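Report on the structure given below.
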Amino acid sequence: MWFRRDLRLADNPALLAAVESARADGAGVVGLYVLDDTLWSRVGSNRLAYLVDSLRALDAACGGALVVRRGDARTTVPQVAQEVGADEVHVAASHEPYGRRRDDAVEAALADAGRRLVRTGSAYAVSPGRIRTGGGTPYQVFTPFRRAWLEHGWRAPAHQPRSIPWVDLDSEPLPEAPATTARLPRAGEEAARRRWHAFVRDGLAGYGEQRDRPDLAGTSAMSVHLRWGEIHPRTMLADLAAAGSDGAPADDVATFRSELAWREFHADVLHHQPDARTRSLRDVVAEDAWAQGEAEQDRLEAWAAGRTGYPIVDAGMRQLLATGWMHNRVRMVVASFLVKDLHVRWQRGAEHFMAHLVDGDVSQNQLNWQWVAGTGYDAAPYFRVFNPVTQGKKFDPDGAYVRRWVPELRDVPAARVHEPWRLAEPPADYPAPLVDHAVERRVALDDFQRARR
């Protein structure tokens with residue numbers, strides 16, 4: 001069993017298939033995780049630190065039987081299979097561009113030695129590529145995709161094996177987690193299930209209204225557990241259905257289920273358009289509309305440090321630095337500000353997010369950035385420009401979120417916390433607005449109209 005984005009024992013069809021195959025042959029199962037040095041050098045420290053903790057939790061759940069090897073999976077996996085004489089390597093299918101190339105290479109190497117790569121399930125309730133329009137083409141609009149996704153349905157969660165015949169095999173020690181100043185959440189399958197059950201019990205009712213409020217604990221914060229496969233979305237969908245049967249508000253259940261569908265829509269888009277990781281699916285402005293050189297770098301640095309002078313933007317960017325996570329509503333606001341107020345390409349912002357987000361996921365991060373930038377499928381129109389002041393007033397009405405992450409504004413009254421420059425004496429240690437939103441909004445709209453002409 002080659003673990004990747006499924007660091008759990010429950011509802012893991014690939015693991016179940018490996019166990020059943022081993023039992024049929026009177027054999028055992030090697031639980032393998034390959035630490036790819038190339039990826040290790042490229043992934044942000046928050047994700048790496050969380051991954052080490054999650055692997056420790058998985059190893060404990062396996063009774064210390066998890067086998068860790070460092071190297072290139074394309075050679076390491078076949079080597080381990082040869083070492084133990086395994087006929088099969090079981091995995092959950094990968095759908096991101098790098099994972100698909102890697103798995104195809106591993107499959108070919110195994111086949112050369114008379115072995116098989118067995119793909120069972122994926123990280124999604126409905127695997128990317130499975131749902132198509134009546135004409136046989138991929139969906140490009142979310143609402144009909146969601147409708148088809150619901151009609152397609154998904155299997156019930158797979159049961160957890162009562163016992164697993166783990167093979168005792170030498171393992172390399174887990175590397176030391178890289179240093180990080182972010183306060184990361186507890187990792188592992190048990191932590192994921194505890195957090196999820198607490199949300200269903202205490203947070204699901206009212207989710208539809210509270211999920212946009214960064215000043216409230218209105219979201220599930222399950223994105224990191226989904227990212228690493230410490231829980232499967234199918235498990236969550238089954239629990240949502242049960243909660244609805246037990247009286248949870250139908251609208252809240254439907255809203256949360258729709259968020260899971262949005263995640264699967266973006267995975268499907270990337271499956272069909274792998275270059276969407278770096279390329280805009282649609283061009284919306286001319287190349288000369290973007291900031292260049294030193295101007296681009298200065299704006300990007302001020303944004304990344306939370307020093308733009310717009311409190312809701314700065315609070316979000318500082319939350320990201322402090323915790324490796326950011327509230328979803330605020331993600332949209334800060335992304336819009338970078339692209340449409342500072343005129344910096346979405347790829348630069350996406351890169352910064354991936355460097356810091358503990359839940360950084362290629363399909364979700366890149367395609368959500370493209371949604372805000374107006375360049376993706378079913379994206380927000382480019383002419384939709386988030387106003388950071390009105391967004392702050394609407395979704396952080398008392399300024400609690402801003403005051404938590406921007407200490408320079410803790411003594412500013414609620415009436416002015418989202419526009420401190422209007423105070424008779426603005427806080428001396430908080431920057432003035434980097435740009436005039438009204439002016440930059442007009443520039444963005446003019447650039448859009450110019451490209452259309």
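Order determines the names: the first chain of the structure tokens is A, the second B, and so forth; residues in each chain are numbered 1 upward, and ligands are numbered 1 upward as they are shown.
By only C-alpha atoms, and with residues fewer than 3 positions from A:Asp215 along its chain excluded, the set lying at most 10 Å from it is A:Gln210, A:Arg211, A:Asp212, A:Gly218, A:His327, A:Phe395, A:Asp396, A:Pro397, A:Asp398, A:Gly399, A:Ala400, A:Tyr401, A:Val402, A:Arg403, A:Arg404.
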Would you put the residues from that selection into a file with all heavy atoms, as a short mmCIF file (atom, residue, chain, number, x, y, z; two decimals), in the first residue's frame?
data_model
loop_
_atom_site.label_atom_id
_atom_site.label_comp_id
_atom_site.auth_asym_id
_atom_site.auth_seq_id
_atom_site.Cartn_x
_atom_site.Cartn_y
_atom_site.Cartn_z
N GLN A 210 -22.98 31.94 8.45
CA GLN A 210 -21.77 32.29 9.19
C GLN A 210 -20.47 32.00 8.45
O GLN A 210 -19.42 32.52 8.83
CB GLN A 210 -21.76 31.55 10.53
CG GLN A 210 -22.90 31.95 11.44
CD GLN A 210 -22.77 31.37 12.83
OE1 GLN A 210 -21.71 30.93 13.24
NE2 GLN A 210 -23.88 31.36 13.56
N ARG A 211 -20.52 31.23 7.37
CA ARG A 211 -19.28 30.82 6.70
C ARG A 211 -18.53 32.01 6.09
O ARG A 211 -17.32 31.92 5.85
CB ARG A 211 -19.58 29.79 5.62
CG ARG A 211 -20.39 30.33 4.45
CD ARG A 211 -20.92 29.21 3.58
NE ARG A 211 -21.72 29.72 2.48
CZ ARG A 211 -21.30 29.79 1.22
NH1 ARG A 211 -20.08 29.39 0.92
NH2 ARG A 211 -22.09 30.26 0.28
N ASP A 212 -19.22 33.12 5.83
CA ASP A 212 -18.56 34.29 5.24
C ASP A 212 -18.03 35.27 6.28
O ASP A 212 -17.49 36.31 5.91
CB ASP A 212 -19.54 35.03 4.32
CG ASP A 212 -19.63 34.40 2.94
OD1 ASP A 212 -18.59 33.91 2.45
OD2 ASP A 212 -20.72 34.38 2.36
N GLY A 218 -17.10 30.20 11.89
CA GLY A 218 -18.24 29.72 11.13
C GLY A 218 -17.93 28.71 10.05
O GLY A 218 -18.84 28.25 9.36
N HIS A 327 -9.12 32.55 6.14
CA HIS A 327 -10.56 32.40 5.93
C HIS A 327 -10.89 32.56 4.45
O HIS A 327 -10.33 33.41 3.76
CB HIS A 327 -11.31 33.45 6.75
CG HIS A 327 -12.78 33.28 6.77
ND1 HIS A 327 -13.59 33.70 5.74
CD2 HIS A 327 -13.60 32.71 7.69
CE1 HIS A 327 -14.85 33.41 6.03
NE2 HIS A 327 -14.88 32.81 7.20
N PHE A 395 -18.60 41.84 6.36
CA PHE A 395 -18.30 40.52 6.90
C PHE A 395 -17.50 40.55 8.19
O PHE A 395 -17.33 39.51 8.85
CB PHE A 395 -17.57 39.68 5.84
CG PHE A 395 -18.42 39.43 4.62
CD1 PHE A 395 -18.09 40.02 3.40
CD2 PHE A 395 -19.56 38.65 4.69
CE1 PHE A 395 -18.88 39.81 2.28
CE2 PHE A 395 -20.35 38.44 3.58
CZ PHE A 395 -20.01 39.01 2.37
N ASP A 396 -17.00 41.72 8.58
CA ASP A 396 -16.34 41.90 9.87
C ASP A 396 -16.88 43.18 10.48
O ASP A 396 -16.16 44.15 10.71
CB ASP A 396 -14.82 41.98 9.65
CG ASP A 396 -14.04 42.09 10.96
OD1 ASP A 396 -14.52 41.58 11.98
OD2 ASP A 396 -12.94 42.69 10.93
N PRO A 397 -18.19 43.21 10.75
CA PRO A 397 -18.87 44.47 11.06
C PRO A 397 -18.34 45.18 12.30
O PRO A 397 -18.37 46.41 12.36
CB PRO A 397 -20.33 44.04 11.22
CG PRO A 397 -20.29 42.58 11.52
CD PRO A 397 -19.11 42.07 10.77
N ASP A 398 -17.87 44.45 13.29
CA ASP A 398 -17.36 45.08 14.50
C ASP A 398 -15.84 45.22 14.48
O ASP A 398 -15.26 45.72 15.45
CB ASP A 398 -17.79 44.28 15.73
CG ASP A 398 -19.30 44.26 15.90
OD1 ASP A 398 -19.93 45.29 15.63
OD2 ASP A 398 -19.85 43.20 16.26
N GLY A 399 -15.22 44.71 13.42
CA GLY A 399 -13.77 44.83 13.31
C GLY A 399 -12.99 43.83 14.15
O GLY A 399 -11.77 43.98 14.31
N ALA A 400 -13.66 42.81 14.67
CA ALA A 400 -12.98 41.85 15.56
C ALA A 400 -11.87 41.11 14.82
O ALA A 400 -10.79 40.86 15.38
CB ALA A 400 -13.99 40.87 16.13
N TYR A 401 -12.13 40.72 13.58
CA TYR A 401 -11.11 39.99 12.81
C TYR A 401 -9.90 40.89 12.55
O TYR A 401 -8.74 40.47 12.74
CB TYR A 401 -11.73 39.51 11.49
CG TYR A 401 -10.77 38.82 10.56
CD1 TYR A 401 -10.33 37.53 10.81
CD2 TYR A 401 -10.30 39.46 9.41
CE1 TYR A 401 -9.46 36.89 9.95
CE2 TYR A 401 -9.43 38.82 8.53
CZ TYR A 401 -9.02 37.54 8.81
OH TYR A 401 -8.15 36.90 7.97
N VAL A 402 -10.16 42.11 12.14
CA VAL A 402 -9.05 43.03 11.87
C VAL A 402 -8.24 43.28 13.13
O VAL A 402 -7.00 43.24 13.12
CB VAL A 402 -9.58 44.35 11.28
CG1 VAL A 402 -8.55 45.47 11.40
CG2 VAL A 402 -9.97 44.15 9.82
N ARG A 403 -8.92 43.53 14.24
CA ARG A 403 -8.19 43.83 15.48
C ARG A 403 -7.35 42.65 15.95
O ARG A 403 -6.29 42.83 16.56
CB ARG A 403 -9.16 44.24 16.58
CG ARG A 403 -9.77 45.61 16.39
CD ARG A 403 -10.44 46.09 17.67
NE ARG A 403 -11.30 47.23 17.38
CZ ARG A 403 -12.56 47.13 17.00
NH1 ARG A 403 -13.12 45.93 16.89
NH2 ARG A 403 -13.28 48.20 16.75
N ARG A 404 -7.80 41.44 15.65
CA ARG A 404 -7.04 40.26 16.09
C ARG A 404 -5.70 40.18 15.37
O ARG A 404 -4.68 39.83 15.97
CB ARG A 404 -7.84 38.99 15.82
CG ARG A 404 -7.10 37.72 16.22
CD ARG A 404 -7.91 36.46 15.99
NE ARG A 404 -7.18 35.28 16.41
CZ ARG A 404 -7.59 34.04 16.22
NH1 ARG A 404 -8.76 33.81 15.62
NH2 ARG A 404 -6.85 33.01 16.62
#
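Around A:Arg193, within 10 Å and counting only C-alpha atoms, the residues found are Gly188, Glu189, Glu190, Ala191, Arg195, Trp196, His197, Ala198, Phe199, Met222, His225, Glu230, Ile231, Thr235 and Met236 of chain A, once anything fewer than 2 positions away on its own chain is removed.
Per DSSP on the backbone, strand (DSSP E or B) in stretch 45-110 of chain A comprises Val67, Val68, Arg69, Arg70, Glu88, Val89, His90, Val91, Ala92 and Ala93 of chain A.
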Distance query A:Gly349 at most 8 Å, only C-alpha atoms, self and fewer than 5 positions along chain excluded, as a ChimeraX atom specification | /A:300,335,338,344,369
Sel. of alpha helix (DSSP H) residues, stretch 155-210 of chain A, as an MDAnalysis selection string | chainID A and resid 189:202 207:210
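Between atom CA of A:Gly203 and atom CA of A:Ala217 the interatomic distance comes to 8.2 Å.
Atom CA of A:Ile164 is found 8.0 Å from atom CA of A:Gly28.
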